[in-house]
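Single-structure report; data block below.
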Amino acid sequence: MLSLSYKVIKSYFQQPDAILVLGGSVVREQFAADFARQHGHLEIWISGGSNPEYAQWLFMEAGISLERLHLDYEAVDTVTNFTTLVDEFKARGIDSVYLITSDDHMRRAQVIGQIVFGSRGIEYKPLSVPSGREPEPMEKVVRDGARSILWVMTGKTGSSWKEWFLEVK
């Protein structure tokens, strides 16, 4: 209980070093561009977002230098949004990020972030983008939480095993 309280208090006072946007919605990128304009010192990482031309145009239109923008297209799903960048963040000394995703997706993103980022000592502050949709089902949260634990233990997320399971049937 004390450990959890410490983490909550620490995250309240710690200012993030970067912005991480989970791809999947152009609205998230628009929100991030507006947010980044107010936080001119932070680098912006977009994982699995819109095509590079659109993303660059959007941030240039917002008056944000493209030197601050990092576009990453390695991720194939929400778990790999985190696993493909966590070691890059650690290597760059990024200890805390603003996590931007849709409100209906945030619960799952937070569980994954707690496990994957937590395994490297990286904190996050969630920023939800209104979607008008209901939160995702708990089954997705549990599944991706388990996949995140699998990644911490083995370095594999299980995303490439889908084909193997389909072949076995």
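In the structure tokens, chains take letters A, B, ... by order of appearance, with residues numbered from 1 within each chain and ligands from 1 in the order shown.
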- Query: Counting only C-alpha atoms, what is within 9 Å of region 22-24 of chain A, bar same-chain residues fewer than 2 positions away, as JSON, numbers by chain?
  - Reply: {"A": [20, 26, 27, 28, 29, 45, 46, 47, 48, 49, 50, 78, 81, 82, 99, 100, 101, 102, 109]}
Selected residues written out with N, CA and C atoms, as a CSV table (one decimal), in the first residue's frame:
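Output contents, as saved in result_10.csv:
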```csv
chain,number,residue,atom,x,y,z
A,20,LEU,N,3.8,10.5,-25.8
A,20,LEU,CA,3.6,9.3,-26.6
A,20,LEU,C,2.1,9.2,-27.0
A,26,VAL,N,-6.8,9.7,-36.0
A,26,VAL,CA,-6.2,11.0,-36.4
A,26,VAL,C,-6.6,12.0,-35.3
A,27,VAL,N,-7.7,11.8,-34.6
A,27,VAL,CA,-8.1,12.8,-33.6
A,27,VAL,C,-7.1,12.8,-32.4
A,28,ARG,N,-6.5,11.6,-32.2
A,28,ARG,CA,-5.4,11.6,-31.1
A,28,ARG,C,-4.2,12.4,-31.5
A,29,GLU,N,-3.8,12.4,-32.8
A,29,GLU,CA,-2.7,13.1,-33.3
A,29,GLU,C,-3.0,14.6,-33.3
A,45,TRP,N,6.3,11.4,-29.7
A,45,TRP,CA,6.5,10.0,-30.3
A,45,TRP,C,5.1,9.6,-30.7
A,46,ILE,N,4.9,9.2,-32.0
A,46,ILE,CA,3.7,8.6,-32.4
A,46,ILE,C,3.9,7.2,-32.8
A,47,SER,N,3.3,6.2,-32.2
A,47,SER,CA,3.4,4.8,-32.5
A,47,SER,C,2.3,4.3,-33.3
A,48,GLY,N,2.6,3.9,-34.5
A,48,GLY,CA,1.5,3.3,-35.4
A,48,GLY,C,0.5,4.3,-35.8
A,49,GLY,N,0.8,5.5,-36.0
A,49,GLY,CA,-0.2,6.5,-36.4
A,49,GLY,C,-0.5,6.6,-37.9
A,50,SER,N,-1.0,7.8,-38.3
A,50,SER,CA,-1.3,8.0,-39.6
A,50,SER,C,-0.1,8.0,-40.5
A,78,THR,N,-1.7,-2.6,-29.7
A,78,THR,CA,-1.5,-1.8,-28.5
A,78,THR,C,-0.3,-2.3,-27.7
A,81,ASN,N,2.8,-1.2,-29.3
A,81,ASN,CA,3.0,0.3,-29.2
A,81,ASN,C,4.0,0.6,-28.1
A,82,PHE,N,3.9,-0.2,-27.0
A,82,PHE,CA,4.8,0.0,-25.9
A,82,PHE,C,6.1,-0.8,-26.0
A,99,LEU,N,0.9,10.0,-21.9
A,99,LEU,CA,0.3,8.9,-22.7
A,99,LEU,C,-1.0,9.4,-23.3
A,100,ILE,N,-1.1,9.6,-24.6
A,100,ILE,CA,-2.3,10.0,-25.2
A,100,ILE,C,-2.9,8.9,-26.0
A,101,THR,N,-4.2,8.7,-25.7
A,101,THR,CA,-5.0,7.7,-26.5
A,101,THR,C,-6.5,8.1,-26.2
A,102,SER,N,-7.4,7.4,-26.9
A,102,SER,CA,-8.8,7.7,-26.8
A,102,SER,C,-9.3,7.2,-25.4
A,109,ALA,N,-4.6,0.6,-22.3
A,109,ALA,CA,-3.3,1.2,-22.5
A,109,ALA,C,-2.6,1.4,-21.1
```
- Message: If you run DSSP on the backbone here, which positions in region 77-142 of chain A get strand (DSSP E)? Please write them as a ChimeraX atom specification.
- Response: /A:96-102,123-129
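Considering only C-alpha atoms, the residue among A:Val79, A:Ile64, A:Ala32, A:Val97 positioned nearest to Arg147 (chain A) is A:Val79.
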- Task: Have a look at A:Ile44, A:Ala91, A:Ile19, A:Val116 and name the one nearest to Ser65 (chain A); count only C-alpha atoms.
- Result: A:Ile44
May I have all residues of region 21-92 of chain A that DSSP, computed from the backbone, assigns to helix (DSSP H, G or I), given as a tab-separated table (two decimals) with C-alpha atoms, in the first residue's frame?
```
chain	number	residue	atom	x	y	z
A	26	VAL	CA	-6.22	10.98	-36.36
A	27	VAL	CA	-8.10	12.77	-33.56
A	28	ARG	CA	-5.40	11.59	-31.12
A	29	GLU	CA	-2.71	13.14	-33.32
A	30	GLN	CA	-4.67	16.41	-33.57
A	31	PHE	CA	-5.04	16.46	-29.77
A	32	ALA	CA	-1.29	15.76	-29.42
A	33	ALA	CA	-0.39	18.61	-31.79
A	34	ASP	CA	-2.45	21.05	-29.70
A	35	PHE	CA	-0.97	19.68	-26.47
A	36	ALA	CA	2.59	19.78	-27.85
A	37	ARG	CA	2.17	23.44	-28.81
A	38	GLN	CA	1.63	24.17	-25.10
A	52	PRO	CA	4.08	10.10	-42.35
A	53	GLU	CA	3.05	12.79	-44.80
A	54	TYR	CA	-0.17	13.57	-42.95
A	55	ALA	CA	1.46	13.45	-39.51
A	56	GLN	CA	4.25	15.78	-40.58
A	57	TRP	CA	1.78	18.18	-42.22
A	58	LEU	CA	-0.44	18.19	-39.11
A	59	PHE	CA	2.40	19.05	-36.75
A	60	MET	CA	3.91	21.64	-39.13
A	61	GLU	CA	0.47	23.30	-39.39
A	66	LEU	CA	9.58	18.27	-37.16
A	67	GLU	CA	12.79	17.79	-35.17
A	68	ARG	CA	10.55	17.12	-32.15
A	78	THR	CA	-1.46	-1.79	-28.54
A	79	VAL	CA	1.00	-4.07	-26.73
A	80	THR	CA	3.66	-3.50	-29.36
A	81	ASN	CA	3.01	0.27	-29.22
A	82	PHE	CA	4.77	0.00	-25.86
A	83	THR	CA	7.24	-2.85	-26.38
A	86	VAL	CA	10.25	1.22	-24.18
A	87	ASP	CA	13.96	0.43	-24.62
A	88	GLU	CA	14.41	3.43	-26.95
A	89	PHE	CA	12.89	5.66	-24.27
A	90	LYS	CA	15.13	4.18	-21.60
A	91	ALA	CA	18.24	4.61	-23.79
```
Nearby residues (only C-alpha atoms) at most 12 Å from Arg143 (chain A), same-chain spacing under 4 positions excluded, as a PDB file with N, CA and C atoms, in the first residue's frame:
```pdb
ATOM      1  N   THR A  78      -1.685  -2.634 -29.715  1.00  0.00           N
ATOM      2  CA  THR A  78      -1.464  -1.793 -28.539  1.00  0.00           C
ATOM      3  C   THR A  78      -0.292  -2.274 -27.698  1.00  0.00           C
ATOM      4  N   VAL A  79      -0.136  -3.570 -27.519  1.00  0.00           N
ATOM      5  CA  VAL A  79       0.995  -4.069 -26.731  1.00  0.00           C
ATOM      6  C   VAL A  79       2.308  -3.659 -27.386  1.00  0.00           C
ATOM      7  N   ARG A 108      -7.045  -0.130 -21.152  1.00  0.00           N
ATOM      8  CA  ARG A 108      -6.137  -1.166 -21.655  1.00  0.00           C
ATOM      9  C   ARG A 108      -4.720  -0.604 -21.786  1.00  0.00           C
ATOM     10  N   ALA A 109      -4.602   0.616 -22.311  1.00  0.00           N
ATOM     11  CA  ALA A 109      -3.284   1.230 -22.469  1.00  0.00           C
ATOM     12  C   ALA A 109      -2.590   1.402 -21.114  1.00  0.00           C
ATOM     13  N   VAL A 111      -3.000  -0.442 -18.370  1.00  0.00           N
ATOM     14  CA  VAL A 111      -2.558  -1.748 -17.866  1.00  0.00           C
ATOM     15  C   VAL A 111      -1.258  -2.157 -18.564  1.00  0.00           C
ATOM     16  N   ILE A 112      -1.231  -2.029 -19.885  1.00  0.00           N
ATOM     17  CA  ILE A 112      -0.033  -2.383 -20.648  1.00  0.00           C
ATOM     18  C   ILE A 112       1.133  -1.483 -20.231  1.00  0.00           C
ATOM     19  N   GLU A 136     -13.500  -0.238 -23.776  1.00  0.00           N
ATOM     20  CA  GLU A 136     -13.307  -1.565 -24.360  1.00  0.00           C
ATOM     21  C   GLU A 136     -13.647  -2.656 -23.347  1.00  0.00           C
ATOM     22  N   PRO A 137     -13.994  -3.840 -23.828  1.00  0.00           N
ATOM     23  CA  PRO A 137     -14.340  -4.929 -22.908  1.00  0.00           C
ATOM     24  C   PRO A 137     -13.138  -5.367 -22.057  1.00  0.00           C
ATOM     25  N   MET A 138     -13.429  -5.816 -20.861  1.00  0.00           N
ATOM     26  CA  MET A 138     -12.382  -6.269 -19.935  1.00  0.00           C
ATOM     27  C   MET A 138     -11.566  -7.424 -20.518  1.00  0.00           C
ATOM     28  N   GLU A 139     -12.176  -8.224 -21.393  1.00  0.00           N
ATOM     29  CA  GLU A 139     -11.446  -9.348 -21.987  1.00  0.00           C
ATOM     30  C   GLU A 139     -10.206  -8.856 -22.729  1.00  0.00           C
ATOM     31  N   ARG A 147      -0.395 -10.609 -22.212  1.00  0.00           N
ATOM     32  CA  ARG A 147       0.630 -10.515 -23.266  1.00  0.00           C
ATOM     33  C   ARG A 147       1.788  -9.626 -22.825  1.00  0.00           C
ATOM     34  N   SER A 148       1.486  -8.594 -22.063  1.00  0.00           N
ATOM     35  CA  SER A 148       2.532  -7.694 -21.560  1.00  0.00           C
ATOM     36  C   SER A 148       3.423  -8.405 -20.546  1.00  0.00           C
ATOM     37  N   ILE A 149       2.811  -9.195 -19.682  1.00  0.00           N
ATOM     38  CA  ILE A 149       3.594  -9.989 -18.725  1.00  0.00           C
ATOM     39  C   ILE A 149       4.451 -10.994 -19.472  1.00  0.00           C
ATOM     40  N   LEU A 150       3.895 -11.621 -20.490  1.00  0.00           N
ATOM     41  CA  LEU A 150       4.655 -12.546 -21.326  1.00  0.00           C
ATOM     42  C   LEU A 150       5.871 -11.847 -21.931  1.00  0.00           C
ATOM     43  N   THR A 157       5.647 -10.946 -27.440  1.00  0.00           N
ATOM     44  CA  THR A 157       4.288 -10.489 -27.090  1.00  0.00           C
ATOM     45  C   THR A 157       3.215 -11.496 -27.469  1.00  0.00           C
ATOM     46  N   GLY A 158       3.583 -12.464 -28.290  1.00  0.00           N
ATOM     47  CA  GLY A 158       2.599 -13.422 -28.759  1.00  0.00           C
ATOM     48  C   GLY A 158       1.887 -12.964 -30.013  1.00  0.00           C
ATOM     49  N   SER A 159       2.165 -11.744 -30.492  1.00  0.00           N
ATOM     50  CA  SER A 159       1.465 -11.242 -31.685  1.00  0.00           C
ATOM     51  C   SER A 159       1.809 -12.059 -32.921  1.00  0.00           C
TER      52      SER A 159
END
```
- Note on the structure: Students should find that CA of Ile122 (chain A) and CA of Asp95 (chain A) are spaced 4.6 Å
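In this model, the gap between CA of Phe13 (chain A) and CA of Glu43 (chain A) comes to 19.4 Å.
Of the listed residues A:Leu71, A:Leu127, A:Ala146, A:Ala62, the one whose atoms come nearest to Leu85 (chain A) is A:Leu71, with distances taken using only C-alpha atoms.
Computed from the coordinates, the CA of Ala75 (chain A) to CA of Gly132 (chain A) distance equals 25.1 Å.
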- Given the choices A:Lys125, A:Arg92, A:Arg120, A:Arg107, which gets closest to Asp144 (chain A) if the distance is worked out from only C-alpha atoms? A:Arg107
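Each of A:Asp72, A:Asp104, A:Ile94, A:Val141 was checked against Tyr124 (chain A) using only C-alpha atoms; the smallest atom-to-atom distance is that of A:Ile94.
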- Using only C-alpha atoms: which of A:Pro130, A:Gly40, A:Pro16, A:Gly93 has the shortest distance to Met106 (chain A): A:Pro130
